[in-house]
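Here is final-v5.cif, consisting of mmCIF, N, CA and C atoms and all ligand atoms:
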```cif
data_entry
loop_
_atom_site.group_PDB
_atom_site.id
_atom_site.type_symbol
_atom_site.label_atom_id
_atom_site.label_comp_id
_atom_site.auth_asym_id
_atom_site.auth_seq_id
_atom_site.Cartn_x
_atom_site.Cartn_y
_atom_site.Cartn_z
ATOM 1 N N MET A 1 0.839 -1.189 0.000
ATOM 2 C CA MET A 1 0.000 0.000 0.000
ATOM 3 C C MET A 1 0.879 1.246 0.000
ATOM 4 N N ASN A 2 1.145 1.766 1.218
ATOM 5 C CA ASN A 2 1.966 2.960 1.267
ATOM 6 C C ASN A 2 3.421 2.593 1.553
ATOM 7 N N ASP A 3 4.152 2.425 0.479
ATOM 8 C CA ASP A 3 5.526 1.958 0.612
ATOM 9 C C ASP A 3 6.477 3.036 1.111
ATOM 10 N N SER A 4 6.020 4.270 1.099
ATOM 11 C CA SER A 4 6.922 5.332 1.528
ATOM 12 C C SER A 4 7.034 5.412 3.054
ATOM 13 N N VAL A 5 6.037 4.786 3.756
ATOM 14 C CA VAL A 5 6.119 4.775 5.222
ATOM 15 C C VAL A 5 6.845 3.510 5.665
ATOM 16 N N THR A 6 8.019 3.711 6.116
ATOM 17 C CA THR A 6 8.788 2.541 6.556
ATOM 18 C C THR A 6 8.930 2.559 8.078
ATOM 19 N N LYS A 7 8.878 1.384 8.586
ATOM 20 C CA LYS A 7 9.043 1.274 10.041
ATOM 21 C C LYS A 7 10.485 1.602 10.409
ATOM 22 N N PRO A 8 10.682 2.223 11.537
ATOM 23 C CA PRO A 8 12.060 2.442 11.975
ATOM 24 C C PRO A 8 12.746 1.107 12.229
ATOM 25 N N ALA A 9 13.943 1.056 11.875
ATOM 26 C CA ALA A 9 14.687 -0.187 12.078
ATOM 27 C C ALA A 9 14.793 -0.475 13.573
ATOM 28 N N THR A 10 14.383 -1.684 13.942
ATOM 29 C CA THR A 10 14.491 -2.049 15.366
ATOM 30 C C THR A 10 15.441 -3.214 15.515
ATOM 31 N N LYS A 11 16.202 -3.137 16.556
ATOM 32 C CA LYS A 11 17.097 -4.258 16.868
ATOM 33 C C LYS A 11 16.566 -4.958 18.115
ATOM 34 N N THR A 12 16.483 -6.262 18.030
ATOM 35 C CA THR A 12 16.068 -7.010 19.210
ATOM 36 C C THR A 12 17.301 -7.298 20.061
ATOM 37 N N ARG A 13 17.207 -6.860 21.282
ATOM 38 C CA ARG A 13 18.353 -7.079 22.176
ATOM 39 C C ARG A 13 17.856 -7.830 23.402
ATOM 40 N N SER A 14 18.399 -9.004 23.623
ATOM 41 C CA SER A 14 17.957 -9.747 24.808
ATOM 42 C C SER A 14 18.602 -9.132 26.040
ATOM 43 N N LYS A 15 17.785 -8.961 27.050
ATOM 44 C CA LYS A 15 18.300 -8.346 28.277
ATOM 45 C C LYS A 15 19.051 -9.379 29.110
ATOM 46 N N VAL A 16 20.209 -9.021 29.507
ATOM 47 C CA VAL A 16 21.003 -9.919 30.340
ATOM 48 C C VAL A 16 20.929 -9.424 31.781
ATOM 49 N N LYS A 17 20.284 -10.222 32.591
ATOM 50 C CA LYS A 17 20.190 -9.859 34.013
ATOM 51 C C LYS A 17 21.368 -10.463 34.749
ATOM 52 N N THR A 18 22.158 -9.612 35.342
ATOM 53 C CA THR A 18 23.254 -10.144 36.132
ATOM 54 C C THR A 18 22.742 -10.431 37.539
ATOM 55 N N GLN A 19 22.687 -11.714 37.869
ATOM 56 C CA GLN A 19 22.207 -12.112 39.185
ATOM 57 C C GLN A 19 23.385 -12.352 40.106
ATOM 58 N N VAL A 20 23.435 -11.617 41.175
ATOM 59 C CA VAL A 20 24.475 -11.844 42.171
ATOM 60 C C VAL A 20 23.901 -12.771 43.238
ATOM 61 N N GLN A 21 24.417 -13.977 43.282
ATOM 62 C CA GLN A 21 23.940 -14.957 44.254
ATOM 63 C C GLN A 21 24.772 -14.864 45.523
ATOM 64 N N ARG A 22 24.075 -14.697 46.626
ATOM 65 C CA ARG A 22 24.798 -14.755 47.898
ATOM 66 C C ARG A 22 25.038 -16.216 48.225
ATOM 67 N N PRO A 23 26.241 -16.549 48.696
ATOM 68 C CA PRO A 23 26.494 -17.958 49.022
ATOM 69 C C PRO A 23 25.636 -18.398 50.197
ATOM 70 N N ARG A 24 25.214 -19.638 50.154
ATOM 71 C CA ARG A 24 24.455 -20.194 51.279
ATOM 72 C C ARG A 24 25.359 -20.192 52.513
ATOM 73 N N LEU A 25 24.791 -19.868 53.659
ATOM 74 C CA LEU A 25 25.599 -19.816 54.877
ATOM 75 C C LEU A 25 25.310 -21.031 55.760
ATOM 76 N N TYR A 26 26.354 -21.425 56.476
ATOM 77 C CA TYR A 26 26.264 -22.614 57.333
ATOM 78 C C TYR A 26 26.551 -22.264 58.785
ATOM 79 N N LYS A 27 25.728 -22.797 59.672
ATOM 80 C CA LYS A 27 25.937 -22.601 61.105
ATOM 81 C C LYS A 27 26.957 -23.614 61.608
ATOM 82 N N VAL A 28 27.836 -23.165 62.480
ATOM 83 C CA VAL A 28 28.677 -24.100 63.241
ATOM 84 C C VAL A 28 27.975 -24.284 64.586
ATOM 85 N N ILE A 29 27.717 -25.533 64.932
ATOM 86 C CA ILE A 29 26.957 -25.844 66.141
ATOM 87 C C ILE A 29 27.814 -26.610 67.147
ATOM 88 N N LEU A 30 27.823 -26.117 68.371
ATOM 89 C CA LEU A 30 28.518 -26.791 69.469
ATOM 90 C C LEU A 30 27.537 -27.747 70.136
ATOM 91 N N VAL A 31 27.961 -29.006 70.278
ATOM 92 C CA VAL A 31 27.103 -30.042 70.867
ATOM 93 C C VAL A 31 27.605 -30.368 72.275
ATOM 94 N N ASN A 32 26.699 -30.416 73.226
ATOM 95 C CA ASN A 32 27.080 -30.734 74.607
ATOM 96 C C ASN A 32 27.480 -32.205 74.749
ATOM 97 N N ASP A 33 28.323 -32.473 75.734
ATOM 98 C CA ASP A 33 28.596 -33.846 76.152
ATOM 99 C C ASP A 33 28.845 -33.809 77.649
ATOM 100 N N ASP A 34 28.948 -34.989 78.283
ATOM 101 C CA ASP A 34 29.070 -35.040 79.747
ATOM 102 C C ASP A 34 30.519 -35.055 80.227
ATOM 103 N N TYR A 35 31.472 -35.018 79.330
ATOM 104 C CA TYR A 35 32.862 -35.283 79.728
ATOM 105 C C TYR A 35 33.847 -34.138 79.516
ATOM 106 N N THR A 36 33.687 -33.387 78.432
ATOM 107 C CA THR A 36 34.667 -32.327 78.144
ATOM 108 C C THR A 36 34.583 -31.236 79.211
ATOM 109 N N PRO A 37 35.723 -30.878 79.839
ATOM 110 C CA PRO A 37 35.677 -29.815 80.852
ATOM 111 C C PRO A 37 35.208 -28.492 80.259
ATOM 112 N N ARG A 38 34.430 -27.753 81.044
ATOM 113 C CA ARG A 38 33.907 -26.455 80.591
ATOM 114 C C ARG A 38 35.025 -25.525 80.133
ATOM 115 N N GLU A 39 36.116 -25.489 80.912
ATOM 116 C CA GLU A 39 37.220 -24.571 80.597
ATOM 117 C C GLU A 39 37.854 -24.925 79.250
ATOM 118 N N PHE A 40 37.872 -26.227 78.949
ATOM 119 C CA PHE A 40 38.451 -26.640 77.673
ATOM 120 C C PHE A 40 37.569 -26.166 76.515
ATOM 121 N N VAL A 41 36.259 -26.265 76.676
ATOM 122 C CA VAL A 41 35.331 -25.803 75.628
ATOM 123 C C VAL A 41 35.527 -24.304 75.399
ATOM 124 N N VAL A 42 35.629 -23.559 76.486
ATOM 125 C CA VAL A 42 35.834 -22.105 76.391
ATOM 126 C C VAL A 42 37.158 -21.805 75.679
ATOM 127 N N MET A 43 38.184 -22.535 76.022
ATOM 128 C CA MET A 43 39.500 -22.331 75.409
ATOM 129 C C MET A 43 39.451 -22.558 73.890
ATOM 130 N N ILE A 44 38.764 -23.621 73.472
ATOM 131 C CA ILE A 44 38.650 -23.933 72.043
ATOM 132 C C ILE A 44 37.840 -22.855 71.314
ATOM 133 N N LEU A 45 36.759 -22.407 71.932
ATOM 134 C CA LEU A 45 35.920 -21.369 71.293
ATOM 135 C C LEU A 45 36.725 -20.086 71.095
ATOM 136 N N LYS A 46 37.535 -19.733 72.073
ATOM 137 C CA LYS A 46 38.362 -18.525 71.970
ATOM 138 C C LYS A 46 39.411 -18.684 70.869
ATOM 139 N N ALA A 47 40.033 -19.855 70.836
ATOM 140 C CA ALA A 47 41.136 -20.081 69.892
ATOM 141 C C ALA A 47 40.645 -20.219 68.450
ATOM 142 N N GLU A 48 39.575 -20.985 68.276
ATOM 143 C CA GLU A 48 39.147 -21.303 66.901
ATOM 144 C C GLU A 48 38.157 -20.304 66.321
ATOM 145 N N PHE A 49 37.395 -19.647 67.221
ATOM 146 C CA PHE A 49 36.355 -18.748 66.713
ATOM 147 C C PHE A 49 36.563 -17.301 67.145
ATOM 148 N N ARG A 50 37.728 -17.016 67.641
ATOM 149 C CA ARG A 50 38.130 -15.653 68.015
ATOM 150 C C ARG A 50 37.123 -14.972 68.929
ATOM 151 N N MET A 51 36.667 -15.714 69.904
ATOM 152 C CA MET A 51 35.706 -15.157 70.862
ATOM 153 C C MET A 51 36.439 -14.627 72.092
ATOM 154 N N THR A 52 35.767 -13.678 72.765
ATOM 155 C CA THR A 52 36.277 -13.226 74.060
ATOM 156 C C THR A 52 35.897 -14.287 75.097
ATOM 157 N N GLU A 53 36.478 -14.168 76.279
ATOM 158 C CA GLU A 53 36.159 -15.080 77.381
ATOM 159 C C GLU A 53 34.646 -15.080 77.658
ATOM 160 N N ASP A 54 34.054 -13.891 77.691
ATOM 161 C CA ASP A 54 32.617 -13.767 77.983
ATOM 162 C C ASP A 54 31.762 -14.412 76.900
ATOM 163 N N GLU A 55 32.081 -14.143 75.640
ATOM 164 C CA GLU A 55 31.323 -14.723 74.523
ATOM 165 C C GLU A 55 31.434 -16.250 74.563
ATOM 166 N N ALA A 56 32.669 -16.739 74.757
ATOM 167 C CA ALA A 56 32.909 -18.182 74.762
ATOM 168 C C ALA A 56 32.163 -18.847 75.924
ATOM 169 N N TYR A 57 32.191 -18.205 77.084
ATOM 170 C CA TYR A 57 31.498 -18.786 78.246
ATOM 171 C C TYR A 57 29.997 -18.888 77.976
ATOM 172 N N LYS A 58 29.424 -17.830 77.395
ATOM 173 C CA LYS A 58 27.977 -17.827 77.119
ATOM 174 C C LYS A 58 27.582 -18.938 76.142
ATOM 175 N N VAL A 59 28.389 -19.123 75.112
ATOM 176 C CA VAL A 59 28.100 -20.179 74.130
ATOM 177 C C VAL A 59 28.236 -21.550 74.788
ATOM 178 N N MET A 60 29.315 -21.730 75.562
ATOM 179 C CA MET A 60 29.551 -23.019 76.232
ATOM 180 C C MET A 60 28.392 -23.357 77.175
ATOM 181 N N ILE A 61 27.976 -22.372 77.997
ATOM 182 C CA ILE A 61 26.953 -22.652 79.010
ATOM 183 C C ILE A 61 25.579 -22.865 78.357
ATOM 184 N N THR A 62 25.353 -22.234 77.207
ATOM 185 C CA THR A 62 24.100 -22.460 76.468
ATOM 186 C C THR A 62 24.052 -23.888 75.934
ATOM 187 N N ALA A 63 25.164 -24.353 75.365
ATOM 188 C CA ALA A 63 25.215 -25.738 74.880
ATOM 189 C C ALA A 63 25.071 -26.707 76.050
ATOM 190 N N HIS A 64 25.710 -26.379 77.155
ATOM 191 C CA HIS A 64 25.649 -27.228 78.355
ATOM 192 C C HIS A 64 24.203 -27.365 78.846
ATOM 193 N N ARG A 65 23.471 -26.257 78.845
ATOM 194 C CA ARG A 65 22.093 -26.274 79.380
ATOM 195 C C ARG A 65 21.068 -26.782 78.380
ATOM 196 N N ARG A 66 21.260 -26.435 77.106
ATOM 197 C CA ARG A 66 20.210 -26.722 76.103
ATOM 198 C C ARG A 66 20.552 -27.870 75.172
ATOM 199 N N GLY A 67 21.822 -28.304 75.213
ATOM 200 C CA GLY A 67 22.223 -29.430 74.362
ATOM 201 C C GLY A 67 23.034 -29.014 73.156
ATOM 202 N N VAL A 68 22.692 -27.861 72.582
ATOM 203 C CA VAL A 68 23.432 -27.329 71.430
ATOM 204 C C VAL A 68 23.434 -25.803 71.509
ATOM 205 N N CYS A 69 24.394 -25.204 70.787
ATOM 206 C CA CYS A 69 24.381 -23.738 70.649
ATOM 207 C C CYS A 69 25.046 -23.368 69.322
ATOM 208 N N VAL A 70 24.438 -22.452 68.611
ATOM 209 C CA VAL A 70 25.064 -21.947 67.382
ATOM 210 C C VAL A 70 26.254 -21.080 67.779
ATOM 211 N N VAL A 71 27.411 -21.416 67.222
ATOM 212 C CA VAL A 71 28.645 -20.691 67.539
ATOM 213 C C VAL A 71 28.788 -19.477 66.626
ATOM 214 N N ALA A 72 28.624 -19.706 65.312
ATOM 215 C CA ALA A 72 28.788 -18.647 64.315
ATOM 216 C C ALA A 72 28.308 -19.147 62.973
ATOM 217 N N VAL A 73 28.273 -18.260 61.998
ATOM 218 C CA VAL A 73 27.789 -18.587 60.651
ATOM 219 C C VAL A 73 28.854 -18.188 59.631
ATOM 220 N N PHE A 74 29.130 -19.096 58.688
ATOM 221 C CA PHE A 74 30.177 -18.866 57.689
ATOM 222 C C PHE A 74 29.729 -19.449 56.339
ATOM 223 N N THR A 75 30.527 -19.212 55.313
ATOM 224 C CA THR A 75 30.340 -19.958 54.068
ATOM 225 C C THR A 75 30.652 -21.431 54.365
ATOM 226 N N ARG A 76 30.207 -22.312 53.491
ATOM 227 C CA ARG A 76 30.302 -23.752 53.774
ATOM 228 C C ARG A 76 31.726 -24.219 54.086
ATOM 229 N N ASP A 77 32.673 -23.840 53.243
ATOM 230 C CA ASP A 77 34.068 -24.251 53.423
ATOM 231 C C ASP A 77 34.617 -23.838 54.770
ATOM 232 N N VAL A 78 34.395 -22.583 55.112
ATOM 233 C CA VAL A 78 34.934 -22.051 56.368
ATOM 234 C C VAL A 78 34.270 -22.735 57.560
ATOM 235 N N ALA A 79 32.948 -22.908 57.483
ATOM 236 C CA ALA A 79 32.223 -23.560 58.579
ATOM 237 C C ALA A 79 32.730 -24.985 58.800
ATOM 238 N N GLU A 80 32.898 -25.735 57.711
ATOM 239 C CA GLU A 80 33.330 -27.131 57.843
ATOM 240 C C GLU A 80 34.760 -27.229 58.355
ATOM 241 N N THR A 81 35.613 -26.339 57.860
ATOM 242 C CA THR A 81 37.018 -26.353 58.300
ATOM 243 C C THR A 81 37.115 -26.044 59.792
ATOM 244 N N LYS A 82 36.405 -25.027 60.228
ATOM 245 C CA LYS A 82 36.469 -24.643 61.639
ATOM 246 C C LYS A 82 35.863 -25.711 62.545
ATOM 247 N N ALA A 83 34.751 -26.292 62.123
ATOM 248 C CA ALA A 83 34.112 -27.345 62.926
ATOM 249 C C ALA A 83 35.050 -28.552 63.056
ATOM 250 N N THR A 84 35.699 -28.915 61.957
ATOM 251 C CA THR A 84 36.624 -30.056 61.975
ATOM 252 C C THR A 84 37.834 -29.768 62.853
ATOM 253 N N ARG A 85 38.403 -28.582 62.689
ATOM 254 C CA ARG A 85 39.586 -28.213 63.492
ATOM 255 C C ARG A 85 39.270 -28.213 64.983
ATOM 256 N N ALA A 86 38.125 -27.657 65.346
ATOM 257 C CA ALA A 86 37.743 -27.567 66.756
ATOM 258 C C ALA A 86 37.460 -28.954 67.336
ATOM 259 N N THR A 87 36.785 -29.793 66.547
ATOM 260 C CA THR A 87 36.502 -31.169 66.996
ATOM 261 C C THR A 87 37.803 -31.958 67.153
ATOM 262 N N ASP A 88 38.713 -31.790 66.199
ATOM 263 C CA ASP A 88 40.003 -32.492 66.248
ATOM 264 C C ASP A 88 40.843 -32.046 67.439
ATOM 265 N N ALA A 89 40.754 -30.764 67.785
ATOM 266 C CA ALA A 89 41.518 -30.244 68.927
ATOM 267 C C ALA A 89 41.042 -30.922 70.211
ATOM 268 N N GLY A 90 39.751 -31.188 70.325
ATOM 269 C CA GLY A 90 39.226 -31.902 71.480
ATOM 270 C C GLY A 90 39.687 -33.350 71.480
ATOM 271 N N ARG A 91 39.571 -33.984 70.341
ATOM 272 C CA ARG A 91 39.966 -35.393 70.224
ATOM 273 C C ARG A 91 41.450 -35.591 70.548
ATOM 274 N N ALA A 92 42.276 -34.631 70.132
ATOM 275 C CA ALA A 92 43.720 -34.707 70.395
ATOM 276 C C ALA A 92 44.011 -34.747 71.898
ATOM 277 N N LYS A 93 43.090 -34.197 72.704
ATOM 278 C CA LYS A 93 43.260 -34.216 74.168
ATOM 279 C C LYS A 93 42.363 -35.264 74.826
ATOM 280 N N GLY A 94 41.778 -36.136 73.994
ATOM 281 C CA GLY A 94 40.966 -37.225 74.525
ATOM 282 C C GLY A 94 39.540 -36.855 74.896
ATOM 283 N N HIS A 95 39.065 -35.702 74.400
ATOM 284 C CA HIS A 95 37.695 -35.267 74.719
ATOM 285 C C HIS A 95 36.734 -35.573 73.564
ATOM 286 N N PRO A 96 35.461 -35.874 73.922
ATOM 287 C CA PRO A 96 34.475 -36.180 72.879
ATOM 288 C C PRO A 96 33.800 -34.932 72.300
ATOM 289 N N LEU A 97 34.365 -33.770 72.559
ATOM 290 C CA LEU A 97 33.814 -32.484 72.100
ATOM 291 C C LEU A 97 33.467 -32.534 70.604
ATOM 292 N N LEU A 98 32.260 -32.051 70.271
ATOM 293 C CA LEU A 98 31.801 -32.135 68.874
ATOM 294 C C LEU A 98 31.233 -30.815 68.366
ATOM 295 N N PHE A 99 31.713 -30.423 67.206
ATOM 296 C CA PHE A 99 31.161 -29.290 66.468
ATOM 297 C C PHE A 99 30.612 -29.831 65.153
ATOM 298 N N THR A 100 29.394 -29.432 64.812
ATOM 299 C CA THR A 100 28.803 -29.859 63.544
ATOM 300 C C THR A 100 28.455 -28.614 62.716
ATOM 301 N N THR A 101 28.035 -28.833 61.472
ATOM 302 C CA THR A 101 27.588 -27.717 60.624
ATOM 303 C C THR A 101 26.203 -28.031 60.074
ATOM 304 N N GLU A 102 25.476 -26.970 59.746
ATOM 305 C CA GLU A 102 24.106 -27.129 59.241
ATOM 306 C C GLU A 102 23.766 -25.899 58.399
ATOM 307 N N PRO A 103 23.193 -26.096 57.221
ATOM 308 C CA PRO A 103 22.876 -24.938 56.387
ATOM 309 C C PRO A 103 21.774 -24.077 57.005
ATOM 310 N N GLU A 104 21.879 -22.780 56.813
ATOM 311 C CA GLU A 104 20.830 -21.859 57.248
ATOM 312 C C GLU A 104 19.672 -21.967 56.264
ATOM 313 N N GLU A 105 18.459 -21.752 56.769
ATOM 314 C CA GLU A 105 17.269 -21.802 55.896
ATOM 315 C C GLU A 105 17.305 -20.628 54.916
HETATM 316 N N1 LIG B 1 28.763 -30.579 79.877
HETATM 317 C C1 LIG B 1 30.201 -30.411 80.084
HETATM 318 C C2 LIG B 1 30.517 -30.554 81.554
HETATM 319 O O1 LIG B 1 29.636 -30.468 82.382
HETATM 320 C C3 LIG B 1 30.697 -29.051 79.571
HETATM 321 C C4 LIG B 1 30.404 -28.873 78.106
HETATM 322 C C5 LIG B 1 29.696 -27.768 77.666
HETATM 323 C C6 LIG B 1 30.828 -29.825 77.172
HETATM 324 C C7 LIG B 1 29.401 -27.601 76.312
HETATM 325 C C8 LIG B 1 30.548 -29.668 75.826
HETATM 326 O O2 LIG B 1 29.551 -28.388 74.081
HETATM 327 C C9 LIG B 1 29.827 -28.555 75.406
HETATM 328 N N2 LIG B 1 31.795 -30.734 81.860
#
```
What would the structure in this file look like if it were written as structure tokens?
Amino acid sequence: MNDSVTKPATKTRSKVKTQVQRPRLYKVILVNDDYTPREFVVMILKAEFRMTEDEAYKVMITAHRRGVCVVAVFTRDVAETKATRATDAGRAKGHPLLFTTEPEE
């Protein structure tokens, strides 16, 4: 029909959404037992998780009373490494002290 009316040239450009994914975080959990001395648990928390005496005592006594206590939250690698190191430090002294990891919801 009207050939003189031409559509403006359009370019189709697919939109690229850059998604920044936050890494899943993992809790390090201190598990109570009946044998590891309280002072030893506090010492390990200070050494491995850079806690003050007060922070370490609070975490230790919470695990002692409630069975478990969340120590801190890290990326998976860091959480697993710290939990393993802390558990191994107890085992090296003959204690059944246990740290586990669990993903955050
Ligand atoms: N329950 C231990 C005791 O009475 C102390 C303790 C606390 C051990 C916390 C482990 O995760 C723990 N000697």
**Request:** Pick out the residues no farther than 6 Å from ligand LIG 1 (chain B), counting only N, CA and C atoms and all ligand atoms, and list them as a VMD selection string.
**Result:** chain A and resid 30 to 38 60 to 61 63 to 64 97 to 98
Could you pull out the strand (DSSP E or B) residues of chain A, going by DSSP on the backbone, and write them as an mmCIF file with N, CA and C atoms, in the coordinates of the input?
```
data_model
loop_
_atom_site.group_PDB
_atom_site.id
_atom_site.type_symbol
_atom_site.label_atom_id
_atom_site.label_comp_id
_atom_site.auth_asym_id
_atom_site.auth_seq_id
_atom_site.Cartn_x
_atom_site.Cartn_y
_atom_site.Cartn_z
ATOM 1 N N LEU A 25 24.791 -19.868 53.659
ATOM 2 C CA LEU A 25 25.599 -19.816 54.877
ATOM 3 C C LEU A 25 25.310 -21.031 55.760
ATOM 4 N N TYR A 26 26.354 -21.425 56.476
ATOM 5 C CA TYR A 26 26.264 -22.614 57.333
ATOM 6 C C TYR A 26 26.551 -22.264 58.785
ATOM 7 N N LYS A 27 25.728 -22.797 59.672
ATOM 8 C CA LYS A 27 25.937 -22.601 61.105
ATOM 9 C C LYS A 27 26.957 -23.614 61.608
ATOM 10 N N VAL A 28 27.836 -23.165 62.480
ATOM 11 C CA VAL A 28 28.677 -24.100 63.241
ATOM 12 C C VAL A 28 27.975 -24.284 64.586
ATOM 13 N N ILE A 29 27.717 -25.533 64.932
ATOM 14 C CA ILE A 29 26.957 -25.844 66.141
ATOM 15 C C ILE A 29 27.814 -26.610 67.147
ATOM 16 N N LEU A 30 27.823 -26.117 68.371
ATOM 17 C CA LEU A 30 28.518 -26.791 69.469
ATOM 18 C C LEU A 30 27.537 -27.747 70.136
ATOM 19 N N VAL A 31 27.961 -29.006 70.278
ATOM 20 C CA VAL A 31 27.103 -30.042 70.867
ATOM 21 C C VAL A 31 27.605 -30.368 72.275
ATOM 22 N N VAL A 68 22.692 -27.861 72.582
ATOM 23 C CA VAL A 68 23.432 -27.329 71.430
ATOM 24 C C VAL A 68 23.434 -25.803 71.509
ATOM 25 N N CYS A 69 24.394 -25.204 70.787
ATOM 26 C CA CYS A 69 24.381 -23.738 70.649
ATOM 27 C C CYS A 69 25.046 -23.368 69.322
ATOM 28 N N VAL A 70 24.438 -22.452 68.611
ATOM 29 C CA VAL A 70 25.064 -21.947 67.382
ATOM 30 C C VAL A 70 26.254 -21.080 67.779
ATOM 31 N N VAL A 71 27.411 -21.416 67.222
ATOM 32 C CA VAL A 71 28.645 -20.691 67.539
ATOM 33 C C VAL A 71 28.788 -19.477 66.626
ATOM 34 N N ALA A 72 28.624 -19.706 65.312
ATOM 35 C CA ALA A 72 28.788 -18.647 64.315
ATOM 36 C C ALA A 72 28.308 -19.147 62.973
ATOM 37 N N VAL A 73 28.273 -18.260 61.998
ATOM 38 C CA VAL A 73 27.789 -18.587 60.651
ATOM 39 C C VAL A 73 28.854 -18.188 59.631
ATOM 40 N N PHE A 74 29.130 -19.096 58.688
ATOM 41 C CA PHE A 74 30.177 -18.866 57.689
ATOM 42 C C PHE A 74 29.729 -19.449 56.339
ATOM 43 N N THR A 75 30.527 -19.212 55.313
ATOM 44 C CA THR A 75 30.340 -19.958 54.068
ATOM 45 C C THR A 75 30.652 -21.431 54.365
ATOM 46 N N LEU A 98 32.260 -32.051 70.271
ATOM 47 C CA LEU A 98 31.801 -32.135 68.874
ATOM 48 C C LEU A 98 31.233 -30.815 68.366
ATOM 49 N N PHE A 99 31.713 -30.423 67.206
ATOM 50 C CA PHE A 99 31.161 -29.290 66.468
ATOM 51 C C PHE A 99 30.612 -29.831 65.153
ATOM 52 N N THR A 100 29.394 -29.432 64.812
ATOM 53 C CA THR A 100 28.803 -29.859 63.544
ATOM 54 C C THR A 100 28.455 -28.614 62.716
ATOM 55 N N THR A 101 28.035 -28.833 61.472
ATOM 56 C CA THR A 101 27.588 -27.717 60.624
ATOM 57 C C THR A 101 26.203 -28.031 60.074
ATOM 58 N N GLU A 102 25.476 -26.970 59.746
ATOM 59 C CA GLU A 102 24.106 -27.129 59.241
ATOM 60 C C GLU A 102 23.766 -25.899 58.399
ATOM 61 N N PRO A 103 23.193 -26.096 57.221
ATOM 62 C CA PRO A 103 22.876 -24.938 56.387
ATOM 63 C C PRO A 103 21.774 -24.077 57.005
#
```
**Request:** For the structure shown, which residues end up in the PyMOL selection byres (((chain A and resi 48-53 and name CA) around 12) and not hetatm and name CA)? Put them as a ChimeraX atom specification, please?
**Result:** /A:28-30,39-47,54-60,70-74,78-79,81-90,99
Axis-aligned box for stretch 18-23 of chain A, 8 Å per side, centre and edges in Å as AutoDock Vina command-line options:
```
--center_x 24.3 --center_y -14.0 --center_z 42.8 --size_x 20.3 --size_y 24.8 --size_z 30.9
```
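Once the PyMOL selection byres (((chain A and resi 25) around 7) and not hetatm) is applied to the depicted file, the selected set reads Arg22, Pro23, Arg24, Tyr26, Lys27, Val73, Phe74, Thr75, Arg76, Glu102, Pro103, Glu104 and Glu105 of chain A.
Atom C of A:Thr100 is positioned 11.1 Å from atom C of A:Asp77.
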**Request:** Any chance you could list, as a ChimeraX atom specification, the residues in stretch 42-96 of chain A that come up helix (DSSP H, G or I) when DSSP is run on the backbone?
**Result:** /A:42-49,53-66,76-92
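With only C-alpha atoms as the atoms that count, the minimum distance from A:Glu80 to the choices A:Thr101, A:His95, A:Arg66, A:Gln21 is reached by A:Thr101.
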**Complete:** A straight line from atom C of A:Thr62 to atom N of A:Arg91 spans 19.3 Å
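If you look at atom CA of A:Gly67 and atom N of A:Pro96, they are 14.7 Å away from each other.
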